[in-house]
Amino acid sequence: LSAVVMVVGERVVPDLSRSASLILIALGLTLAGCDVGYKVDVRRNTVTWVTWDEGNGRQESPVVGAGAKTFQVLRIGPNTGRQQFGRDKTHVYREDKLIRLADPNTFREFGPRTYRDAKSVFRWVRSAIVQLPQSDPESFTSLEGQWSKDAERVFYEDRGFVPRDINSFEVLALGWARDREAIYYEDREVRQAHRDTFEVLTRWRAFGRDRDHVFWHGWLVNGADPQTFVGSSPHEGHDHKTRFYCIFNTKLEIIRMPVAEARAEKKP
């Protein structure tokens, strides 16, 4: 650190008190930054996840259920000096969170935000690492976004299903996909959709349409004219006569209003 100086008369002298304070602050930051990661206390049989940052200071979170006597840090992820994965004889953890169903003896990194053990694949889904049920790591492939597949099943996030023809399966946009026989939204087939005329609307891709129907998140927007329908927001669109506002609260709700009235009013 460069010393801070002050002028006294014609003499220039170091401001030792301020310089010393800066040095002490720097030392404190350095020491605080070193004591982070997993802290294992075999005598008390506790494992703790320790973090530090300027805003929150030092934070300690117990790794509930972890056995200190068998706990090991796993060398997974970037070499930042603070490894975020650990295991004991029965479980795998990321920071202070249990990765359910992961085998501690074979768990390892498998790709970007993807992991595997001897039997299953694990991926990041909604801020947690979860198992893809019935996944086969030997034939697993990551697709676009939250999509992936193995030899028999397709997965959207952690929800798997068997499409009609997995060999021709392809992602269209966001939650929409198709194979040579059907259209899918996330983990379900859109049974009313005509595969050969279906398209995802370009601007607001929550909506799709075929020659006879309009769909929102895979659900039929009953009464909408596909020839004139235009999406205007992630939840809203209109055809030449009617404005549609789509909500999902355990079931699809559609609020309809004549276009002429909708132009003069706010959204529901």
# chains A, B, ... in the order shown; residues from 1 in each chain; ligands from 1

$ residues_around --residues "range 67-74 of chain A" --least-positions-apart "4" --cutoff "7 Å" --atoms "only C-alpha atoms" --output "PyMOL selection string"
chain A and resi 40-42+45-47+83+85-89

$ residues_around --residues "Arg123 in chain A" --least-positions-apart "2" --cutoff "12 Å" --atoms "only C-alpha atoms" --output "CSV table (one decimal) with C-alpha atoms, in the first residue's frame"
chain,number,residue,atom,x,y,z
A,99,ILE,CA,-28.0,-33.3,-3.7
A,100,ARG,CA,-30.7,-35.9,-3.3
A,102,ALA,CA,-26.5,-38.8,-5.8
A,108,ARG,CA,-18.7,-36.2,-11.0
A,109,GLU,CA,-19.0,-33.3,-13.4
A,110,PHE,CA,-20.4,-34.3,-16.8
A,111,GLY,CA,-20.8,-31.0,-18.7
A,112,PRO,CA,-21.8,-27.4,-18.3
A,113,ARG,CA,-24.2,-27.4,-15.2
A,114,THR,CA,-24.5,-31.1,-15.6
A,115,TYR,CA,-23.3,-34.0,-13.4
A,116,ARG,CA,-23.6,-37.8,-13.3
A,117,ASP,CA,-23.0,-40.8,-11.1
A,120,SER,CA,-28.2,-41.1,-13.3
A,121,VAL,CA,-27.7,-37.6,-14.7
A,125,VAL,CA,-33.1,-26.8,-12.3
A,126,ARG,CA,-34.5,-23.7,-10.7
A,127,SER,CA,-31.4,-22.9,-8.6
A,128,ALA,CA,-30.8,-26.5,-7.4
A,129,ILE,CA,-29.0,-29.6,-8.7
A,130,VAL,CA,-31.6,-32.4,-9.2
A,131,GLN,CA,-31.6,-35.9,-10.6
A,132,LEU,CA,-33.3,-36.6,-13.9
A,133,PRO,CA,-35.4,-39.6,-13.1
A,135,SER,CA,-32.0,-40.9,-17.1
A,137,PRO,CA,-25.8,-41.2,-18.4
A,140,PHE,CA,-27.3,-38.7,-22.4
A,141,THR,CA,-27.2,-35.5,-24.6
A,142,SER,CA,-27.8,-31.9,-23.6
A,145,GLY,CA,-31.9,-24.5,-23.0
A,146,GLN,CA,-33.5,-26.8,-20.4
A,147,TRP,CA,-33.9,-29.7,-22.9
A,148,SER,CA,-32.0,-32.9,-22.9
A,155,PHE,CA,-36.3,-34.2,-20.4
A,156,TYR,CA,-37.6,-30.7,-19.9
A,157,GLU,CA,-35.9,-29.5,-16.8
A,158,ASP,CA,-36.2,-32.6,-14.5
A,159,ARG,CA,-39.5,-33.9,-16.1

$ select_by_dssp --residues "range 166-231 of chain A" --states "strand (DSSP E or B)" --output "JSON list (two decimals) with N, CA and C atoms, in the first residue's frame"
[["chain", "number", "residue", "atom", "x", "y", "z"],
["A", 170, "GLU", "N", -36.73, -32.66, -31.93],
["A", 170, "GLU", "CA", -35.95, -31.42, -32.02],
["A", 170, "GLU", "C", -36.64, -30.31, -31.25],
["A", 171, "VAL", "N", -35.85, -29.41, -30.68],
["A", 171, "VAL", "CA", -36.36, -28.26, -29.96],
["A", 171, "VAL", "C", -36.69, -27.16, -30.97],
["A", 172, "LEU", "N", -37.85, -26.53, -30.79],
["A", 172, "LEU", "CA", -38.24, -25.41, -31.65],
["A", 172, "LEU", "C", -37.86, -24.07, -31.01],
["A", 173, "ALA", "N", -38.38, -23.79, -29.84],
["A", 173, "ALA", "CA", -38.06, -22.55, -29.11],
["A", 173, "ALA", "C", -38.62, -22.66, -27.71],
["A", 176, "TRP", "N", -41.23, -25.29, -26.56],
["A", 176, "TRP", "CA", -41.84, -25.98, -27.69],
["A", 176, "TRP", "C", -40.84, -26.92, -28.36],
["A", 177, "ALA", "N", -41.33, -28.10, -28.79],
["A", 177, "ALA", "CA", -40.50, -29.07, -29.49],
["A", 177, "ALA", "C", -41.38, -29.91, -30.39],
["A", 178, "ARG", "N", -40.77, -30.74, -31.22],
["A", 178, "ARG", "CA", -41.53, -31.61, -32.11],
["A", 178, "ARG", "C", -40.69, -32.81, -32.50],
["A", 183, "ILE", "N", -46.34, -32.44, -31.78],
["A", 183, "ILE", "CA", -45.84, -31.20, -31.17],
["A", 183, "ILE", "C", -45.88, -31.39, -29.65],
["A", 184, "TYR", "N", -44.89, -30.81, -28.97],
["A", 184, "TYR", "CA", -44.79, -30.94, -27.51],
["A", 184, "TYR", "C", -44.56, -29.57, -26.89],
["A", 185, "TYR", "N", -45.13, -29.39, -25.70],
["A", 185, "TYR", "CA", -44.78, -28.23, -24.89],
["A", 185, "TYR", "C", -44.27, -28.74, -23.55],
["A", 188, "ARG", "N", -45.27, -32.43, -22.20],
["A", 188, "ARG", "CA", -46.53, -33.02, -22.61],
["A", 188, "ARG", "C", -46.77, -32.81, -24.11],
["A", 189, "GLU", "N", -47.47, -33.74, -24.70],
["A", 189, "GLU", "CA", -47.84, -33.63, -26.11],
["A", 189, "GLU", "C", -49.03, -32.68, -26.27],
["A", 199, "GLU", "N", -46.36, -23.59, -36.00],
["A", 199, "GLU", "CA", -45.22, -22.68, -35.89],
["A", 199, "GLU", "C", -45.29, -21.96, -34.55],
["A", 200, "VAL", "N", -44.13, -21.61, -34.03],
["A", 200, "VAL", "CA", -44.03, -20.79, -32.82],
["A", 200, "VAL", "C", -44.04, -19.33, -33.26],
["A", 207, "PHE", "N", -46.67, -18.26, -27.39],
["A", 207, "PHE", "CA", -47.78, -18.59, -28.28],
["A", 207, "PHE", "C", -47.28, -19.39, -29.49],
["A", 208, "GLY", "N", -48.13, -20.32, -29.93],
["A", 208, "GLY", "CA", -47.90, -21.05, -31.16],
["A", 208, "GLY", "C", -49.22, -21.21, -31.90],
["A", 209, "ARG", "N", -49.16, -21.59, -33.15],
["A", 209, "ARG", "CA", -50.40, -21.77, -33.90],
["A", 209, "ARG", "C", -50.19, -22.78, -35.02],
["A", 214, "VAL", "N", -54.84, -21.69, -32.05],
["A", 214, "VAL", "CA", -53.81, -20.90, -31.37],
["A", 214, "VAL", "C", -53.57, -21.55, -30.01],
["A", 215, "PHE", "N", -52.32, -21.60, -29.59],
["A", 215, "PHE", "CA", -51.95, -22.23, -28.32],
["A", 215, "PHE", "C", -51.12, -21.26, -27.49],
["A", 216, "TRP", "N", -51.29, -21.35, -26.17],
["A", 216, "TRP", "CA", -50.47, -20.60, -25.23],
["A", 216, "TRP", "C", -49.89, -21.58, -24.21],
["A", 219, "TRP", "N", -51.50, -24.92, -24.24],
["A", 219, "TRP", "CA", -52.94, -25.03, -24.06],
["A", 219, "TRP", "C", -53.66, -24.32, -25.20],
["A", 220, "LEU", "N", -54.81, -24.86, -25.58],
["A", 220, "LEU", "CA", -55.60, -24.29, -26.65],
["A", 220, "LEU", "C", -56.24, -22.97, -26.22],
["A", 230, "VAL", "N", -52.06, -12.30, -33.31],
["A", 230, "VAL", "CA", -50.75, -11.68, -33.07],
["A", 230, "VAL", "C", -50.52, -11.65, -31.56],
["A", 231, "GLY", "N", -49.37, -12.10, -31.12],
["A", 231, "GLY", "CA", -49.02, -11.98, -29.71],
["A", 231, "GLY", "C", -48.55, -10.57, -29.41]]

$ residues_around --residues "Asp210 in chain A" --least-positions-apart "5" --cutoff "8 Å" --atoms "only C-alpha atoms" --output "VMD selection string"
chain A and resid 193 to 195 197 to 199 226
